[in-house]
Amino acid sequence: MILGIDTSLGSAVAVVEPDGVVRSQVESADPRGHAEVIGTLIERALAEASVTASDISHVAAGMGPGPFTGLRVGIAAARTFALGRGVPVVPVVSHDAVALELMLHRALTGGYDEAYDETFAVVSDARRREFAYTVYRGLDDDGLPVRVAEPALTPRDEIDGVLAAAGAVRRDAERIPAAMLALAAARALSAGRTIASADALYLRSPDVTIPGVPKRAST
């Protein structure tokens with residue numbers, strides 16, 4: 001049983017069985033109140049799935065891209081839950097969950113062949129007048145989205161030109177589906193693969209910097 005947690009946009013938590021059956025998925029669209037809701041969402045997801053913490057075997061953590069303040073809440077929650085249970089954390093690129101949902105939806109509605117041939121970019125708001133984007137094309141043999149280009153940042157007024165140059169159709173993401181995050185983790189585990197770094201994809205440096213050495217006062 002896999003618990004998926006992501007706070008790269010809003011806050012989302014899901015419980016998914018290894019074969020992809022979604023037991024629960026709960027979300028908060030608030031882009032800033034992650035710390036206030038993440039604990040409640042985890043409790044709700046477990047309750048709605050009719051499972052307890054002891055039933056969870058892995059925790060899928062959305063690693064971004066996303067703003068520093070929000071993203072770290074979900075990663076910390078995933079690591080803390082996993083540490084308490086003594087289970088592994090499976091890092092997943094948050095945009096992979098959106099890409100997987102888009103392609104599975106097309107498959108269910110009969111447009112899989114067209115979707116498989118389409119190069120598209122998942123685009124999310126990175127704030128500060130920038131967008132984060134990741135370019136995809138199809139699913140690999142393990143059923144995971146193929147990244148043509150890794151997550152990157154671009155100014156908002158340049159995104160369409162950047163994607164046009166890459167030949168990618170724009171797909172805006174307003175939420176990260178935690179169930180698809182957990183499903184991507186399940187497929188990666190089944191294939192024995194690591195699909196994301198354990199480091200968060202902030203894509204920009206935090207505002208806080210280490211202060212320099214204090215100046216010595218002259219006498």
# chains A, B, ... in the order shown; residues from 1 in each chain; ligands from 1
$ residues_around --residues "Leu181 of chain A" --least-positions-apart "5" --cutoff "7 Å" --atoms "only C-alpha atoms" --output "list in words"
Gly4, Ala60, Gly62, Val92, Ser94 and Ala97 of chain A
$ select_by_dssp --residues "segment 79-182 of chain A" --states "helix (DSSP H, G or I)" --output "tab-separated table (two decimals) with N, CA and C atoms, in the first residue's frame"
chain	number	residue	atom	x	y	z
A	79	ARG	N	8.81	12.16	4.53
A	79	ARG	CA	9.98	11.56	5.20
A	79	ARG	C	9.68	11.25	6.67
A	80	THR	N	8.92	12.13	7.31
A	80	THR	CA	8.59	11.90	8.72
A	80	THR	C	7.69	10.69	8.88
A	81	PHE	N	6.67	10.59	8.02
A	81	PHE	CA	5.77	9.44	8.07
A	81	PHE	C	6.55	8.15	7.82
A	82	ALA	N	7.40	8.16	6.80
A	82	ALA	CA	8.18	6.97	6.46
A	82	ALA	C	9.14	6.58	7.58
A	83	LEU	N	9.75	7.58	8.20
A	83	LEU	CA	10.66	7.31	9.30
A	83	LEU	C	9.92	6.68	10.47
A	84	GLY	N	8.74	7.21	10.77
A	84	GLY	CA	7.95	6.67	11.86
A	84	GLY	C	7.51	5.24	11.62
A	85	ARG	N	7.26	4.93	10.37
A	85	ARG	CA	6.82	3.57	10.02
A	85	ARG	C	7.98	2.64	9.69
A	94	SER	N	7.00	15.63	-9.55
A	94	SER	CA	5.57	15.95	-9.45
A	94	SER	C	4.90	16.05	-10.82
A	95	HIS	N	5.59	16.61	-11.79
A	95	HIS	CA	5.01	16.73	-13.13
A	95	HIS	C	4.76	15.36	-13.77
A	96	ASP	N	5.51	14.34	-13.34
A	96	ASP	CA	5.28	12.99	-13.88
A	96	ASP	C	3.86	12.53	-13.57
A	97	ALA	N	3.35	12.90	-12.40
A	97	ALA	CA	2.00	12.50	-12.01
A	97	ALA	C	0.97	13.11	-12.94
A	98	VAL	N	1.18	14.37	-13.30
A	98	VAL	CA	0.25	15.05	-14.22
A	98	VAL	C	0.33	14.41	-15.60
A	99	ALA	N	1.54	14.16	-16.07
A	99	ALA	CA	1.73	13.54	-17.39
A	99	ALA	C	1.08	12.16	-17.43
A	100	LEU	N	1.26	11.38	-16.37
A	100	LEU	CA	0.67	10.04	-16.34
A	100	LEU	C	-0.85	10.12	-16.37
A	101	GLU	N	-1.42	11.04	-15.61
A	101	GLU	CA	-2.87	11.20	-15.61
A	101	GLU	C	-3.38	11.58	-16.98
A	102	LEU	N	-2.70	12.50	-17.65
A	102	LEU	CA	-3.13	12.93	-18.99
A	102	LEU	C	-3.12	11.77	-19.97
A	103	MET	N	-2.05	10.98	-19.94
A	103	MET	CA	-1.94	9.88	-20.91
A	103	MET	C	-2.89	8.73	-20.60
A	104	LEU	N	-3.10	8.45	-19.32
A	104	LEU	CA	-4.06	7.40	-18.98
A	104	LEU	C	-5.48	7.83	-19.33
A	105	HIS	N	-5.78	9.11	-19.15
A	105	HIS	CA	-7.10	9.62	-19.53
A	105	HIS	C	-7.32	9.45	-21.04
A	106	ARG	N	-6.29	9.80	-21.81
A	106	ARG	CA	-6.42	9.64	-23.26
A	106	ARG	C	-6.60	8.18	-23.65
A	107	ALA	N	-5.92	7.29	-22.92
A	107	ALA	CA	-6.06	5.87	-23.21
A	107	ALA	C	-7.48	5.39	-22.94
A	108	LEU	N	-8.07	5.87	-21.85
A	108	LEU	CA	-9.42	5.45	-21.49
A	108	LEU	C	-10.47	6.03	-22.41
A	112	TYR	N	-5.31	7.13	-27.15
A	112	TYR	CA	-3.97	6.79	-26.69
A	112	TYR	C	-2.93	6.92	-27.79
A	113	ASP	N	-3.24	6.41	-28.99
A	113	ASP	CA	-2.25	6.46	-30.07
A	113	ASP	C	-1.85	7.89	-30.38
A	114	GLU	N	-2.84	8.78	-30.41
A	114	GLU	CA	-2.56	10.18	-30.67
A	114	GLU	C	-1.74	10.79	-29.52
A	115	ALA	N	-2.10	10.45	-28.28
A	115	ALA	CA	-1.38	10.99	-27.13
A	115	ALA	C	0.05	10.47	-27.08
A	116	TYR	N	0.24	9.21	-27.49
A	116	TYR	CA	1.58	8.62	-27.42
A	116	TYR	C	2.53	9.33	-28.37
A	117	ASP	N	2.01	9.80	-29.50
A	117	ASP	CA	2.84	10.48	-30.49
A	117	ASP	C	3.00	11.96	-30.20
A	156	ARG	N	7.36	33.92	-17.54
A	156	ARG	CA	6.01	33.65	-18.02
A	156	ARG	C	5.78	34.10	-19.46
A	157	ASP	N	6.33	35.26	-19.80
A	157	ASP	CA	6.08	35.76	-21.14
A	157	ASP	C	6.92	35.07	-22.21
A	158	GLU	N	7.77	34.11	-21.80
A	158	GLU	CA	8.59	33.38	-22.76
A	158	GLU	C	8.18	31.93	-22.92
A	159	ILE	N	7.23	31.45	-22.09
A	159	ILE	CA	6.91	30.04	-22.08
A	159	ILE	C	6.41	29.53	-23.42
A	160	ASP	N	5.55	30.28	-24.08
A	160	ASP	CA	5.00	29.80	-25.36
A	160	ASP	C	6.09	29.67	-26.41
A	161	GLY	N	7.02	30.61	-26.43
A	161	GLY	CA	8.11	30.53	-27.38
A	161	GLY	C	9.04	29.36	-27.09
A	162	VAL	N	9.31	29.12	-25.81
A	162	VAL	CA	10.16	28.00	-25.42
A	162	VAL	C	9.54	26.68	-25.85
A	163	LEU	N	8.23	26.53	-25.61
A	163	LEU	CA	7.56	25.28	-25.96
A	163	LEU	C	7.42	25.12	-27.46
A	164	ALA	N	7.21	26.22	-28.17
A	164	ALA	CA	7.14	26.15	-29.63
A	164	ALA	C	8.47	25.66	-30.19
A	165	ALA	N	9.56	26.15	-29.65
A	165	ALA	CA	10.88	25.72	-30.10
A	165	ALA	C	11.12	24.24	-29.83
A	166	ALA	N	10.51	23.74	-28.76
A	166	ALA	CA	10.64	22.33	-28.41
A	166	ALA	C	9.62	21.45	-29.12
A	178	ALA	N	-2.24	13.13	-6.46
A	178	ALA	CA	-1.42	12.29	-5.59
A	178	ALA	C	-1.57	10.81	-5.91
A	179	ALA	N	-2.74	10.41	-6.42
A	179	ALA	CA	-2.93	9.01	-6.79
A	179	ALA	C	-2.00	8.61	-7.93
A	180	MET	N	-1.82	9.52	-8.90
A	180	MET	CA	-0.92	9.23	-10.01
A	180	MET	C	0.54	9.27	-9.55
A	181	LEU	N	0.83	10.09	-8.57
A	181	LEU	CA	2.17	10.12	-7.97
A	181	LEU	C	2.48	8.76	-7.36
A	182	ALA	N	1.52	8.24	-6.60
A	182	ALA	CA	1.70	6.93	-5.97
A	182	ALA	C	1.76	5.82	-7.01
$ atom_distance --atom1 "atom CA of Ser54 of chain A" --atom2 "atom CA of Leu9 of chain A"
27.9 Å
$ closest_residue --among "A:Val90, A:Glu150, A:Asp172, A:Val135" --to "Ile195 of chain A" --atoms "only C-alpha atoms"
A:Val90
$ residues_around --residues "segment 144-146 of chain A" --least-positions-apart "2" --cutoff "8 Å" --atoms "only C-alpha atoms" --output "NGL selection string"
:A and (96 or 99-100 or 136-142 or 148 or 184 or 187-188)
$ residues_around --residues "Val21 of chain A" --least-positions-apart "3" --cutoff "10 Å" --atoms "only C-alpha atoms" --output "PyMOL selection string"
chain A and resi 1+15-18+24+179+183
$ closest_residue --among "A:Ala132, A:Ala185, A:Leu153, A:Val59" --to "Ala78 of chain A" --atoms "only C-alpha atoms"
A:Val59
$ closest_residue --among "A:Ser50, A:Leu203, A:Arg32, A:Thr109" --to "Pro151 of chain A" --atoms "only C-alpha atoms"
A:Leu203
$ closest_residue --among "A:Ala186, A:Thr119, A:Gly66, A:Arg171" --to "Ala152 of chain A" --atoms "only C-alpha atoms"
A:Gly66
$ atom_distance --atom1 "atom CA of Thr7 of chain A" --atom2 "atom CA of Thr134 of chain A"
17.3 Å
$ residues_around --residues "Val37 of chain A" --least-positions-apart "3" --cutoff "8 Å" --atoms "only C-alpha atoms" --output "list in words"
Ser11, Ser28, Gly33, His34, Thr40 and Leu41 of chain A
$ write_last_selection --atoms "N, CA, C and O atoms" --output "compact mmCIF listing (two decimals), in the first residue's frame"
# COMPACT_ATOMS: atom_id res chain seq x y z
N SER A 11 -2.10 20.99 -1.90
CA SER A 11 -1.68 19.85 -1.07
C SER A 11 -2.54 18.66 -1.47
O SER A 11 -3.77 18.79 -1.59
N SER A 28 -6.32 19.80 -1.13
CA SER A 28 -6.62 21.18 -0.78
C SER A 28 -6.01 22.05 -1.87
O SER A 28 -4.82 21.92 -2.18
N GLY A 33 -1.32 27.18 2.24
CA GLY A 33 -1.57 26.65 3.57
C GLY A 33 -1.18 25.19 3.74
O GLY A 33 -1.90 24.43 4.39
N HIS A 34 -0.04 24.79 3.22
CA HIS A 34 0.35 23.38 3.23
C HIS A 34 0.54 22.84 4.65
O HIS A 34 0.03 21.78 4.99
N THR A 40 -3.96 16.78 8.45
CA THR A 40 -5.38 16.41 8.34
C THR A 40 -5.64 15.61 7.07
O THR A 40 -6.41 14.64 7.08
N LEU A 41 -4.99 16.00 5.97
CA LEU A 41 -5.19 15.28 4.70
C LEU A 41 -4.67 13.85 4.80
O LEU A 41 -5.29 12.91 4.27
$ atom_distance --atom1 "atom CA of Val51 of chain A" --atom2 "atom CA of Asp199 of chain A"
29.1 Å
$ closest_residue --among "A:His58, A:Arg23, A:Arg72, A:Arg147" --to "Ala35 of chain A" --atoms "only C-alpha atoms"
A:Arg72
$ closest_residue --among "A:Asp6, A:Asp125, A:Asp30, A:Glu48" --to "Gly74 of chain A" --atoms "only C-alpha atoms"
A:Asp6
